[in-house]
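One file, final-v6.txt, is given below (compact mmCIF, C-alpha atoms and all ligand atoms).
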```txt
# COMPACT_ATOMS: atom_id res chain seq x y z
CA MET A 12 -5.24 -9.41 -9.69
CA SER A 13 -3.23 -9.23 -12.90
CA ASP A 14 -6.13 -10.65 -14.91
CA LEU A 15 -8.06 -7.49 -14.15
CA ALA A 16 -5.35 -5.21 -15.51
CA ALA A 17 -6.91 -4.49 -18.86
CA SER A 18 -10.54 -5.10 -17.94
CA PRO A 19 -13.33 -2.76 -18.99
CA PHE A 20 -13.68 -2.09 -15.27
CA ASP A 21 -10.22 -0.54 -15.00
CA THR A 22 -10.87 1.54 -18.10
CA LEU A 23 -14.07 2.76 -16.52
CA LEU A 24 -12.34 3.81 -13.31
CA SER A 25 -9.64 5.68 -15.18
CA ALA A 26 -12.23 7.82 -17.00
CA PRO A 27 -14.37 9.59 -14.37
CA HIS A 28 -16.83 10.97 -16.97
CA ALA A 29 -17.63 7.39 -17.97
CA LEU A 30 -18.70 6.57 -14.40
CA THR A 31 -22.44 6.54 -14.75
CA ARG A 32 -25.32 4.52 -13.40
CA ALA A 33 -25.70 2.95 -16.83
CA ALA A 34 -22.07 1.81 -16.71
CA CYS A 35 -22.82 0.16 -13.35
CA GLU A 36 -25.80 -1.63 -14.87
CA THR A 37 -23.52 -2.96 -17.59
CA LEU A 38 -21.13 -4.30 -14.95
CA ASP A 39 -24.02 -6.05 -13.20
CA ALA A 40 -25.13 -7.61 -16.47
CA SER A 41 -21.80 -9.41 -16.89
CA ASP A 42 -21.25 -10.27 -13.21
CA PRO A 43 -20.89 -14.05 -12.73
CA LEU A 44 -22.10 -13.73 -9.12
CA ALA A 45 -25.25 -11.77 -10.03
CA PRO A 46 -27.61 -14.81 -9.81
CA MET A 47 -26.62 -15.32 -6.14
CA ARG A 48 -28.53 -12.20 -5.10
CA ASP A 49 -31.82 -13.98 -5.64
CA GLN A 50 -30.90 -16.50 -2.93
CA PHE A 51 -31.27 -13.83 -0.21
CA VAL A 52 -34.25 -12.13 1.39
CA LEU A 53 -33.56 -8.43 0.82
CA PRO A 54 -36.30 -5.96 1.75
CA ASP A 55 -37.54 -3.62 -0.99
CA GLY A 56 -36.21 -0.11 -0.94
CA VAL A 57 -33.11 -1.00 1.04
CA ILE A 58 -29.47 -0.99 -0.04
CA TYR A 59 -27.82 -3.24 2.48
CA LEU A 60 -24.15 -2.41 3.01
CA ASP A 61 -23.87 -3.96 6.45
CA GLY A 62 -23.35 -7.62 5.61
CA ASN A 63 -20.00 -7.28 7.38
CA SER A 64 -21.86 -6.83 10.66
CA LEU A 65 -24.92 -9.02 10.17
CA GLY A 66 -25.29 -10.93 6.92
CA PRO A 67 -28.87 -10.99 5.50
CA LEU A 68 -31.18 -14.00 5.55
CA PRO A 69 -30.58 -16.65 2.87
CA LYS A 70 -33.92 -17.97 1.58
CA ALA A 71 -32.77 -21.53 2.20
CA SER A 72 -32.14 -20.67 5.88
CA ARG A 73 -35.86 -20.08 6.33
CA GLU A 74 -36.64 -23.59 5.17
CA ARG A 75 -33.83 -25.08 7.21
CA ALA A 76 -35.04 -23.20 10.29
CA SER A 77 -38.57 -24.54 10.00
CA GLU A 78 -37.26 -28.06 9.36
CA VAL A 79 -34.98 -28.11 12.39
CA VAL A 80 -37.68 -26.60 14.60
CA ASP A 81 -40.77 -28.48 13.38
CA ILE A 82 -39.37 -31.85 12.39
CA GLU A 83 -36.13 -32.36 14.26
CA TRP A 84 -37.00 -30.70 17.55
CA GLY A 85 -40.81 -30.71 17.37
CA ARG A 86 -41.42 -34.23 16.11
CA ASP A 87 -38.27 -36.25 16.68
CA LEU A 88 -37.34 -34.71 20.01
CA ILE A 89 -34.30 -36.04 21.82
CA ALA A 90 -33.63 -38.81 19.29
CA SER A 91 -32.43 -36.06 16.96
CA TRP A 92 -29.07 -35.92 18.73
CA ASN A 93 -28.38 -39.17 16.89
CA THR A 94 -30.89 -39.43 14.05
CA HIS A 95 -30.33 -35.89 12.77
CA GLU A 96 -26.67 -35.88 13.76
CA TRP A 97 -26.98 -32.90 16.06
CA PHE A 98 -24.07 -34.03 18.18
CA ASP A 99 -21.67 -33.99 15.24
CA MET A 100 -22.80 -30.57 13.99
CA PRO A 101 -20.00 -28.41 15.45
CA GLN A 102 -17.46 -30.77 13.90
CA ARG A 103 -19.28 -31.14 10.58
CA LEU A 104 -19.48 -27.37 10.21
CA GLY A 105 -15.88 -27.16 11.35
CA ARG A 106 -14.80 -29.43 8.49
CA LYS A 107 -16.63 -27.16 6.07
CA ILE A 108 -14.98 -24.05 7.52
CA SER A 109 -11.57 -25.76 7.24
CA GLN A 110 -12.28 -26.41 3.59
CA LEU A 111 -13.42 -22.84 2.97
CA LEU A 112 -10.33 -21.42 4.65
CA GLY A 113 -7.75 -23.73 3.08
CA GLY A 114 -7.12 -25.43 6.40
CA THR A 115 -8.09 -29.08 5.90
CA ALA A 116 -4.82 -30.34 7.39
CA GLY A 117 -5.79 -28.64 10.62
CA GLY A 118 -8.96 -29.13 12.66
CA CYS A 119 -11.90 -26.85 13.35
CA VAL A 120 -15.14 -26.68 15.28
CA VAL A 121 -18.00 -24.20 14.96
CA SER A 122 -18.87 -23.50 18.53
CA ASP A 123 -19.22 -20.63 21.01
CA SER A 124 -18.70 -16.95 20.26
CA THR A 125 -15.57 -15.52 18.68
CA SER A 126 -14.70 -13.82 21.98
CA VAL A 127 -14.75 -17.17 23.78
CA ASN A 128 -12.76 -18.73 20.97
CA VAL A 129 -10.12 -15.99 21.26
CA PHE A 130 -9.79 -16.98 24.92
CA LYS A 131 -9.41 -20.67 24.03
CA ALA A 132 -6.94 -20.13 21.19
CA VAL A 133 -4.72 -17.56 22.91
CA THR A 134 -4.60 -19.64 26.11
CA ALA A 135 -3.78 -22.79 24.15
CA ALA A 136 -1.01 -20.96 22.26
CA LEU A 137 0.41 -19.57 25.52
CA GLU A 138 0.45 -23.05 27.02
CA LEU A 139 2.33 -24.40 24.00
CA GLN A 140 4.98 -21.74 24.73
CA ARG A 141 5.09 -22.49 28.46
CA GLY A 142 8.42 -24.32 28.21
CA ASP A 143 10.13 -21.02 27.44
CA SER A 144 9.72 -18.90 30.57
CA GLU A 145 11.32 -15.90 28.88
CA ARG A 146 8.32 -15.55 26.59
CA THR A 147 5.87 -13.41 28.54
CA VAL A 148 4.53 -11.02 25.91
CA ILE A 149 1.30 -11.16 23.91
CA ILE A 150 1.30 -8.79 20.95
CA SER A 151 -1.87 -7.40 19.42
CA GLU A 152 -3.08 -4.32 17.56
CA ARG A 153 -4.08 -1.12 19.33
CA GLN A 154 -6.96 -0.79 16.87
CA ASN A 155 -8.02 -4.43 17.10
CA PHE A 156 -11.68 -5.22 17.74
CA PRO A 157 -11.98 -4.33 21.44
CA SER A 158 -13.36 -7.70 22.56
CA ASP A 159 -10.17 -9.46 21.41
CA LEU A 160 -8.11 -7.11 23.57
CA TYR A 161 -10.50 -7.31 26.53
CA ILE A 162 -10.19 -11.10 26.47
CA VAL A 163 -6.38 -10.91 26.49
CA GLU A 164 -6.44 -8.40 29.35
CA GLY A 165 -8.67 -10.71 31.36
CA LEU A 166 -6.46 -13.68 30.60
CA ARG A 167 -3.32 -11.78 31.59
CA ASP A 168 -4.87 -10.83 34.93
CA LEU A 169 -6.30 -14.30 35.53
CA LEU A 170 -3.05 -16.17 34.89
CA ASP A 171 -1.12 -13.69 37.03
CA ARG A 172 2.27 -14.83 35.80
CA GLY A 173 3.78 -11.57 34.62
CA LEU A 174 2.27 -11.58 31.12
CA GLU A 175 2.38 -8.31 29.23
CA LEU A 176 0.07 -7.13 26.44
CA ARG A 177 2.11 -5.18 23.89
CA LEU A 178 0.09 -3.17 21.36
CA VAL A 179 1.37 -2.26 17.92
CA ASP A 180 -0.02 0.08 15.26
CA ASP A 181 1.20 -1.39 11.97
CA ALA A 182 3.52 -3.85 10.24
CA ALA A 183 6.62 -1.83 11.09
CA GLY A 184 5.55 -1.68 14.72
CA LEU A 185 5.01 -5.43 14.74
CA GLN A 186 8.53 -6.04 13.39
CA GLU A 187 9.94 -3.87 16.13
CA ALA A 188 7.87 -5.49 18.87
CA LEU A 189 8.78 -9.07 17.92
CA GLY A 190 11.59 -10.47 20.01
CA PRO A 191 12.70 -13.40 22.17
CA ASP A 192 10.24 -12.33 24.87
CA VAL A 193 7.15 -12.76 22.67
CA ALA A 194 4.96 -15.82 23.17
CA VAL A 195 1.86 -15.15 21.09
CA VAL A 196 0.68 -12.65 18.48
CA LEU A 197 -3.06 -12.05 18.07
CA LEU A 198 -3.99 -10.24 14.86
CA THR A 199 -7.24 -9.60 13.01
CA GLU A 200 -6.61 -10.16 9.31
CA VAL A 201 -9.02 -7.40 8.22
CA ASN A 202 -9.48 -4.47 10.59
CA TYR A 203 -13.14 -3.97 11.52
CA ARG A 204 -12.93 -0.20 11.37
CA THR A 205 -10.64 0.63 8.45
CA GLY A 206 -10.85 -2.54 6.39
CA GLU A 207 -7.05 -2.77 6.31
CA LEU A 208 -5.73 -6.25 5.48
CA TRP A 209 -2.60 -7.91 6.91
CA ASP A 210 -0.52 -10.22 4.73
CA MET A 211 -1.21 -13.46 6.57
CA THR A 212 1.60 -15.50 5.00
CA GLU A 213 4.29 -12.87 5.40
CA VAL A 214 3.32 -11.89 8.92
CA THR A 215 3.04 -15.52 10.04
CA GLN A 216 6.60 -16.08 8.77
CA GLN A 217 7.85 -13.07 10.73
CA VAL A 218 6.12 -14.22 13.88
CA HIS A 219 7.55 -17.72 13.53
CA ALA A 220 11.02 -16.35 12.82
CA ALA A 221 10.81 -14.69 16.24
CA GLY A 222 9.82 -18.00 17.82
CA ALA A 223 6.26 -16.90 18.57
CA LEU A 224 2.88 -18.38 17.61
CA VAL A 225 0.11 -16.51 15.82
CA VAL A 226 -3.65 -16.51 16.34
CA TRP A 227 -5.54 -15.02 13.38
CA ASP A 228 -8.98 -13.51 13.86
CA LEU A 229 -10.84 -13.93 10.57
CA CYS A 230 -14.15 -12.27 11.48
CA HIS A 231 -13.96 -9.84 8.56
CA SER A 232 -12.27 -12.21 6.13
CA ALA A 233 -14.12 -15.54 6.28
CA GLY A 234 -16.46 -15.55 3.28
CA ALA A 235 -15.02 -12.29 1.95
CA LEU A 236 -11.65 -13.34 0.55
CA PRO A 237 -9.62 -16.46 -0.21
CA ILE A 238 -7.71 -17.72 2.82
CA THR A 239 -5.01 -20.39 2.92
CA LEU A 240 -4.54 -21.36 6.55
CA ASP A 241 -2.43 -24.47 5.96
CA GLU A 242 -0.25 -22.85 3.33
CA SER A 243 0.24 -19.73 5.44
CA ARG A 244 1.40 -21.93 8.34
CA ALA A 245 -1.01 -20.17 10.71
CA ASP A 246 -1.10 -21.67 14.23
CA PHE A 247 -4.66 -20.90 15.31
CA ALA A 248 -7.60 -19.07 13.77
CA VAL A 249 -10.96 -17.88 15.04
CA GLY A 250 -13.83 -16.06 13.38
CA CYS A 251 -17.51 -15.29 13.02
CA THR A 252 -20.17 -16.92 10.88
CA TYR A 253 -22.77 -14.15 11.14
CA LYS A 254 -20.90 -11.56 9.05
CA TYR A 255 -19.82 -12.47 5.48
CA LEU A 256 -20.96 -16.08 5.99
CA ASN A 257 -24.58 -15.02 6.56
CA GLY A 258 -25.10 -17.51 9.39
CA GLY A 259 -27.69 -15.51 11.32
CA PRO A 260 -27.68 -13.27 14.40
CA GLY A 261 -25.54 -14.72 17.17
CA ALA A 262 -24.56 -17.78 15.12
CA PRO A 263 -21.57 -19.53 16.72
CA GLY A 264 -18.02 -18.68 15.72
CA PHE A 265 -15.23 -21.09 14.83
CA VAL A 266 -11.86 -22.05 16.23
CA TRP A 267 -9.24 -23.69 14.01
CA VAL A 268 -6.08 -25.44 15.16
CA ALA A 269 -3.15 -26.11 12.82
CA GLU A 270 -2.09 -29.67 12.08
CA GLN A 271 1.19 -29.27 13.95
CA HIS A 272 -0.67 -28.38 17.16
CA LEU A 273 -3.62 -30.78 16.96
CA ALA A 274 -2.05 -33.36 19.21
CA THR A 275 -0.74 -30.94 21.83
CA ALA A 276 -3.02 -27.88 21.98
CA ARG A 277 -5.32 -27.88 25.02
CA ASN A 278 -8.63 -26.11 25.35
CA PRO A 279 -8.55 -24.31 28.73
CA LEU A 280 -12.34 -24.62 29.03
CA SER A 281 -12.42 -28.35 29.68
CA GLY A 282 -16.13 -29.03 29.40
CA TRP A 283 -17.82 -32.33 28.69
CA TRP A 284 -18.34 -31.73 24.97
CA GLY A 285 -14.57 -31.64 24.58
CA HIS A 286 -14.18 -34.93 26.45
CA THR A 287 -13.21 -37.97 24.46
CA ARG A 288 -16.24 -39.93 25.80
CA PRO A 289 -18.79 -37.31 26.87
CA PHE A 290 -21.55 -39.80 27.51
CA ALA A 291 -19.39 -42.13 29.59
CA MET A 292 -19.85 -39.51 32.34
CA GLU A 293 -16.43 -40.33 33.75
CA THR A 294 -14.94 -38.59 36.73
CA GLY A 295 -11.74 -37.28 35.10
CA TYR A 296 -11.33 -35.07 32.04
CA VAL A 297 -9.75 -36.74 29.02
CA PRO A 298 -9.67 -34.43 26.00
CA ALA A 299 -11.00 -35.67 22.66
CA ALA A 300 -8.48 -35.98 19.87
CA GLY A 301 -7.97 -32.95 17.66
CA ALA A 302 -10.14 -29.88 17.39
CA ALA A 303 -13.17 -31.68 18.87
CA SER A 304 -11.63 -30.93 22.28
CA PHE A 305 -12.19 -27.22 21.58
CA GLN A 306 -15.91 -27.66 22.24
CA VAL A 307 -17.12 -26.86 25.74
CA GLY A 308 -20.81 -27.50 26.47
CA THR A 309 -24.12 -28.17 24.75
CA GLN A 310 -24.29 -26.28 21.49
CA PRO A 311 -27.03 -24.01 20.06
CA ILE A 312 -28.36 -26.51 17.55
CA LEU A 313 -30.94 -24.17 16.00
CA SER A 314 -28.29 -21.56 15.29
CA LEU A 315 -25.83 -24.14 14.01
CA ALA A 316 -28.41 -25.61 11.64
CA VAL A 317 -29.23 -22.23 10.14
CA CYS A 318 -25.62 -21.16 9.98
CA GLU A 319 -24.69 -24.25 7.97
CA VAL A 320 -26.77 -22.89 5.09
CA GLY A 321 -24.63 -19.76 4.90
CA ILE A 322 -21.42 -21.77 5.11
CA ASP A 323 -22.62 -24.07 2.31
CA MET A 324 -23.39 -21.08 0.09
CA ALA A 325 -19.87 -19.75 0.57
CA LEU A 326 -18.40 -23.19 -0.10
CA GLN A 327 -20.31 -23.43 -3.37
CA THR A 328 -19.00 -20.06 -4.51
CA ASN A 329 -15.68 -19.45 -6.19
CA MET A 330 -13.79 -17.31 -3.66
CA ARG A 331 -11.60 -15.90 -6.42
CA HIS A 332 -14.72 -14.45 -8.07
CA VAL A 333 -15.83 -13.13 -4.71
CA ARG A 334 -12.50 -11.40 -4.18
CA GLU A 335 -12.44 -9.94 -7.69
CA LYS A 336 -15.91 -8.51 -7.32
CA SER A 337 -15.21 -7.29 -3.80
CA LEU A 338 -12.22 -5.29 -5.06
CA GLN A 339 -14.28 -3.90 -7.93
CA LEU A 340 -17.14 -2.86 -5.64
CA THR A 341 -14.76 -1.18 -3.20
CA ASP A 342 -12.76 0.40 -6.08
CA LEU A 343 -16.00 1.76 -7.50
CA CYS A 344 -17.06 3.15 -4.13
CA ILE A 345 -13.68 4.86 -3.65
CA ALA A 346 -13.77 6.25 -7.20
CA LEU A 347 -17.24 7.73 -6.61
CA LEU A 348 -16.12 9.25 -3.30
CA GLN A 349 -13.21 10.87 -5.10
CA THR A 350 -15.21 12.20 -8.02
CA ARG A 351 -18.88 12.75 -7.25
CA LEU A 352 -18.33 13.42 -3.53
CA ALA A 353 -14.95 15.16 -3.71
CA GLU A 354 -16.28 18.46 -2.37
CA PHE A 355 -17.36 17.06 1.03
CA ASP A 356 -15.43 16.66 4.25
CA LEU A 357 -14.91 12.92 3.88
CA THR A 358 -11.58 11.24 4.66
CA LEU A 359 -10.95 7.76 3.30
CA VAL A 360 -9.40 5.52 5.96
CA THR A 361 -9.43 2.31 3.91
CA PRO A 362 -6.21 1.51 2.01
CA ARG A 363 -6.38 2.06 -1.76
CA GLU A 364 -3.91 -0.71 -2.41
CA HIS A 365 -5.70 -3.97 -3.25
CA ALA A 366 -3.27 -6.12 -1.29
CA ARG A 367 -4.05 -4.12 1.85
CA ARG A 368 -7.85 -3.91 1.56
CA GLY A 369 -10.60 -6.20 2.82
CA SER A 370 -14.21 -5.92 1.61
CA GLN A 371 -15.32 -2.61 3.08
CA VAL A 372 -14.85 1.11 2.58
CA SER A 373 -14.65 3.41 5.59
CA VAL A 374 -14.73 7.18 5.54
CA VAL A 375 -14.55 9.66 8.37
CA HIS A 376 -16.93 12.63 8.53
CA PRO A 377 -17.03 15.08 11.48
CA GLU A 378 -20.76 14.30 11.88
CA GLY A 379 -20.32 10.63 11.04
CA TYR A 380 -22.94 9.29 13.41
CA ALA A 381 -25.72 11.63 12.24
CA VAL A 382 -24.78 11.15 8.58
CA MET A 383 -25.15 7.39 8.95
CA GLN A 384 -28.53 7.78 10.66
CA ALA A 385 -29.71 9.99 7.80
CA LEU A 386 -28.46 7.42 5.29
CA ILE A 387 -30.27 4.61 7.08
CA ALA A 388 -33.47 6.67 7.12
CA ALA A 389 -33.07 7.02 3.36
CA GLY A 390 -32.73 3.24 2.93
CA VAL A 391 -28.94 2.92 2.73
CA ILE A 392 -27.87 0.69 5.60
CA GLY A 393 -24.22 0.89 6.56
CA ASP A 394 -23.01 1.40 10.10
CA TYR A 395 -21.09 3.75 12.33
CA ARG A 396 -17.94 3.12 14.35
CA GLU A 397 -16.14 5.52 16.66
CA PRO A 398 -14.57 7.95 15.96
CA GLY A 399 -16.58 9.43 13.11
CA VAL A 400 -16.32 6.40 10.82
CA LEU A 401 -19.00 5.63 8.23
CA ARG A 402 -18.56 1.98 7.38
CA PHE A 403 -19.81 0.41 4.17
CA GLY A 404 -19.45 -3.36 3.84
CA PHE A 405 -19.68 -5.00 0.43
CA THR A 406 -20.78 -8.62 0.26
CA PRO A 407 -20.25 -9.65 -3.38
CA LEU A 408 -22.93 -12.36 -3.19
CA PHE A 409 -25.78 -9.85 -3.10
CA THR A 410 -24.38 -6.35 -3.62
CA ARG A 411 -24.76 -4.95 -7.13
CA PHE A 412 -22.67 -2.27 -8.80
CA VAL A 413 -25.79 -0.09 -9.08
CA ASP A 414 -26.21 -0.40 -5.32
CA VAL A 415 -22.81 1.24 -4.87
CA TRP A 416 -23.80 3.99 -7.31
CA ASP A 417 -27.18 4.58 -5.66
CA ALA A 418 -25.77 4.51 -2.12
CA MET A 419 -23.15 7.12 -2.97
CA GLU A 420 -25.80 9.30 -4.65
CA VAL A 421 -27.91 9.13 -1.48
CA LEU A 422 -24.84 10.06 0.55
CA ARG A 423 -24.24 12.99 -1.80
CA ASP A 424 -27.81 14.13 -1.29
CA VAL A 425 -27.60 13.83 2.51
CA LEU A 426 -24.40 15.90 2.55
CA THR A 427 -25.63 18.47 0.01
CA ARG A 428 -28.89 19.10 1.81
CA GLU A 429 -27.29 18.61 5.25
CA SER A 430 -30.32 16.55 6.19
CA TYR A 431 -28.16 14.82 8.84
CA ARG A 432 -28.45 17.97 10.97
CA ALA A 433 -32.03 17.07 11.90
CA GLN A 434 -32.51 16.41 15.61
CA GLU A 435 -33.80 12.86 15.05
CA PHE A 436 -30.43 11.78 13.62
CA GLN A 437 -28.43 12.81 16.70
CA ARG A 438 -29.97 10.25 19.11
CA ARG A 439 -28.00 7.05 19.71
CA GLY A 440 -29.39 3.54 20.06
CA VAL A 441 -27.80 0.87 22.27
CA VAL A 442 -26.42 -0.94 19.25
CA THR A 443 -24.68 1.12 16.58
C1 LIG A 501 -17.29 -9.15 15.01
C2 LIG A 501 -15.99 -9.42 15.68
C3 LIG A 501 -15.95 -10.12 16.89
C4 LIG A 501 -17.25 -10.50 17.56
O1 LIG A 501 -17.08 -11.36 18.58
P1 LIG A 501 -18.36 -12.07 19.25
O2 LIG A 501 -17.76 -12.79 20.37
O3 LIG A 501 -18.99 -12.92 18.21
O4 LIG A 501 -19.29 -10.99 19.67
C5 LIG A 501 -14.72 -10.41 17.45
N1 LIG A 501 -13.57 -10.01 16.84
C6 LIG A 501 -13.58 -9.33 15.67
C7 LIG A 501 -12.31 -8.94 15.03
C8 LIG A 501 -14.80 -9.00 15.08
O5 LIG A 501 -14.82 -8.31 13.94
```
Could you take the file, read its structure, and then write that structure out as structure tokens?
Ligand SMILES: *Cc1c(COP(=O)(O)O)cnc(C)c1O
Amino acid sequence: MSDLAASPFDTLLSAPHALTRAACETLDASDPLAPMRDQFVLPDGVIYLDGNSLGPLPKASRERASEVVDIEWGRDLIASWNTHEWFDMPQRLGRKISQLLGGTAGGCVVSDSTSVNVFKAVTAALELQRGDSERTVIISERQNFPSDLYIVEGLRDLLDRGLELRLVDDAAGLQEALGPDVAVVLLTEVNYRTGELWDMTEVTQQVHAAGALVVWDLCHSAGALPITLDESRADFAVGCTYKYLNGGPGAPGFVWVAEQHLATARNPLSGWWGHTRPFAMETGYVPAAGAASFQVGTQPILSLAVCEVGIDMALQTNMRHVREKSLQLTDLCIALLQTRLAEFDLTLVTPREHARRGSQVSVVHPEGYAVMQALIAAGVIGDYREPGVLRFGFTPLFTRFVDVWDAMEVLRDVLTRESYRAQEFQRRGVVT
């Protein structure tokens, strides 16, 4: 980010007394992404810092939802599979995701949940390594999103061929763990809890040097930072569309396969939508060419239609601007934590270094859960992750600099008055 080196923003951060709400308003006034905010439905009185868990509703998604329900389903019924190109939707959206993630040489489909796609991608990668019987290890991160690890555990037990799941804690641990016994490495580019970012290009090189293949989980990176899948030589990638891509609750995830594996990678879930001629209703399974074979069964068309709106918005946005603003928002949040909230028992767990940070700021507080409930009650929506982590996600498309200021002031108030000690903030819901 060398072009930011001498920016007014850096000057601002280096002079704590200049950090004021008015200074944040000035930053908003010159923000090239500021007009995007108006494209979202954002309830009054709410500062939404949870777009990394569920992106808010784009206004255009409302219209698309009523069109696909009333016209395509309601009026045109089953003909819509052809006339409204429903059948091609997972592939059409996949092409858009490939473009967004710098992976147009590879293939992609938007289909199924990320957890299911982790299963497909890791299994396919393992099968590509099958020729080398010495390679029996799958490496992942101890602090990875649990579902990714649960899927690998299940796969290991299902295949019952002596596979081992080896967990590492950091880049040094990964280096140490890589060896001639490693088949596949499954990493999440941006950690869901800390916001720590792996160097995709460098790590992919290391994995390849050890003769292994890498599956990247991009749930917390797609839509939040520039990604170059082809250039990084990634083997497989999966990710969500309902976080930074604002695709809607439960919108399908994606699975991407690198060019060099398109002809050989096999989807273990050999359903009819991955067949080369699904409507021929043939007896034997013949996989479709390319990433289309990574589909399984009938897709959630309503969700796909709505999710395309979010993907289109990301595609129309300059990801370099998104990344610049994301780093500024997170820098600002960290600076406020260190100045206006320095007296409180808050421990930053997000890396300060730009190259190692995604688009969120996480801090640990001994009463983290209750503090977040008190914040939410006061209109600042972040979320809570065990153990003790207050998580604030910053989506540059709709988050303003004043939102960061105001959110941190509310946090300061909650901690000063200890309002989080109230009984009502101790109770836990099913979903945190
Ligand atoms: C959000 C997230 C998931 C979610 O998976 P689903 O199958 O969509 O529930 C998986 N992995 C990571 C790293 C995530 O952040």
Edge lengths and centre, in Å to one decimal, as AutoDock Vina command-line options: that's what I need for the box along x, y and z that holds all listed atoms of ligand LIG 501 (chain A) plus 4 Å on each side.
```
--center_x -15.8 --center_y -10.6 --center_z 17.2 --size_x 15.0 --size_y 12.6 --size_z 14.4
```
>> Nearest residue to Met100 (chain A) out of A:Ala132, A:Ala316, A:Ala182, A:Ala274, using all atoms listed in the file?
In response: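 Of A:Ala132, A:Ala316, A:Ala182, A:Ala274, the one nearest Met100 (chain A) is A:Ala316, counting all atoms listed in the file.
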> Hey, what's within 12 Å of Pro43 (chain A) if we count all atoms listed in the file and toss same-chain stuff fewer than 3 positions away? As an NGL selection string, please?
Replying inline: :A and (38-40 or 46-48 or 328-333 or 335-336 or 407-409 or 411)
> Of the residues A:Thr115, A:Ser77, A:Gln384, A:Ser232, which is the one nearest to ligand LIG 501 (chain A), using all atoms listed in the file?
Replying inline: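 Distance minimum relative to ligand LIG 501 (chain A) lands on A:Ser232.
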>> Calculated over only C-alpha atoms, which of the candidates A:Thr309, A:Thr341, A:Ser430, A:Ser373 has the smallest distance to Leu357 (chain A)?
In response: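 Of A:Thr309, A:Thr341, A:Ser430, A:Ser373, the one nearest Leu357 (chain A) is A:Ser373, counting only C-alpha atoms.
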>> Just want the residues within 9 Å of ligand LIG 501 (chain A), written as a PyMOL selection string, counting all atoms listed in the file.
In response: chain A and resi 63-64+123-129+155-159+198-204+228-231+249-254+261-264
Write only all heavy atoms for region 372-376 of chain A from the block just shown, as a PDB file, in the first residue's frame.
```pdb
ATOM      1  N   VAL A 372     -11.515  -6.571  12.925  1.00  0.00           N
ATOM      2  CA  VAL A 372     -10.699  -6.330  14.112  1.00  0.00           C
ATOM      3  C   VAL A 372     -11.327  -7.133  15.251  1.00  0.00           C
ATOM      4  O   VAL A 372     -12.532  -7.041  15.497  1.00  0.00           O
ATOM      5  CB  VAL A 372     -10.642  -4.833  14.480  1.00  0.00           C
ATOM      6  CG1 VAL A 372      -9.930  -4.636  15.818  1.00  0.00           C
ATOM      7  CG2 VAL A 372      -9.926  -4.037  13.384  1.00  0.00           C
ATOM      8  N   SER A 373     -10.500  -7.924  15.915  1.00  0.00           N
ATOM      9  CA  SER A 373     -10.976  -8.753  17.017  1.00  0.00           C
ATOM     10  C   SER A 373     -10.217  -8.397  18.279  1.00  0.00           C
ATOM     11  O   SER A 373      -8.992  -8.282  18.258  1.00  0.00           O
ATOM     12  CB  SER A 373     -10.753 -10.234  16.708  1.00  0.00           C
ATOM     13  OG  SER A 373     -11.436 -10.593  15.530  1.00  0.00           O
ATOM     14  N   VAL A 374     -10.977  -8.236  19.360  1.00  0.00           N
ATOM     15  CA  VAL A 374     -10.353  -7.965  20.654  1.00  0.00           C
ATOM     16  C   VAL A 374     -10.951  -8.894  21.702  1.00  0.00           C
ATOM     17  O   VAL A 374     -12.142  -9.215  21.661  1.00  0.00           O
ATOM     18  CB  VAL A 374     -10.560  -6.498  21.131  1.00  0.00           C
ATOM     19  CG1 VAL A 374      -9.599  -5.560  20.439  1.00  0.00           C
ATOM     20  CG2 VAL A 374     -11.986  -6.053  20.960  1.00  0.00           C
ATOM     21  N   VAL A 375     -10.101  -9.309  22.618  1.00  0.00           N
ATOM     22  CA  VAL A 375     -10.560 -10.182  23.688  1.00  0.00           C
ATOM     23  C   VAL A 375     -10.836  -9.338  24.925  1.00  0.00           C
ATOM     24  O   VAL A 375     -10.074  -8.429  25.260  1.00  0.00           O
ATOM     25  CB  VAL A 375      -9.489 -11.251  24.001  1.00  0.00           C
ATOM     26  CG1 VAL A 375      -9.858 -12.031  25.265  1.00  0.00           C
ATOM     27  CG2 VAL A 375      -9.333 -12.199  22.825  1.00  0.00           C
ATOM     28  N   HIS A 376     -11.979  -9.624  25.570  1.00  0.00           N
ATOM     29  CA  HIS A 376     -12.314  -9.008  26.861  1.00  0.00           C
ATOM     30  C   HIS A 376     -12.789 -10.152  27.749  1.00  0.00           C
ATOM     31  O   HIS A 376     -13.482 -11.057  27.268  1.00  0.00           O
ATOM     32  CB  HIS A 376     -13.417  -7.955  26.692  1.00  0.00           C
ATOM     33  CG  HIS A 376     -13.744  -7.218  27.955  1.00  0.00           C
ATOM     34  ND1 HIS A 376     -14.606  -7.719  28.912  1.00  0.00           N
ATOM     35  CD2 HIS A 376     -13.289  -6.034  28.438  1.00  0.00           C
ATOM     36  CE1 HIS A 376     -14.672  -6.866  29.924  1.00  0.00           C
ATOM     37  NE2 HIS A 376     -13.894  -5.834  29.667  1.00  0.00           N
TER      38      HIS A 376
END
```
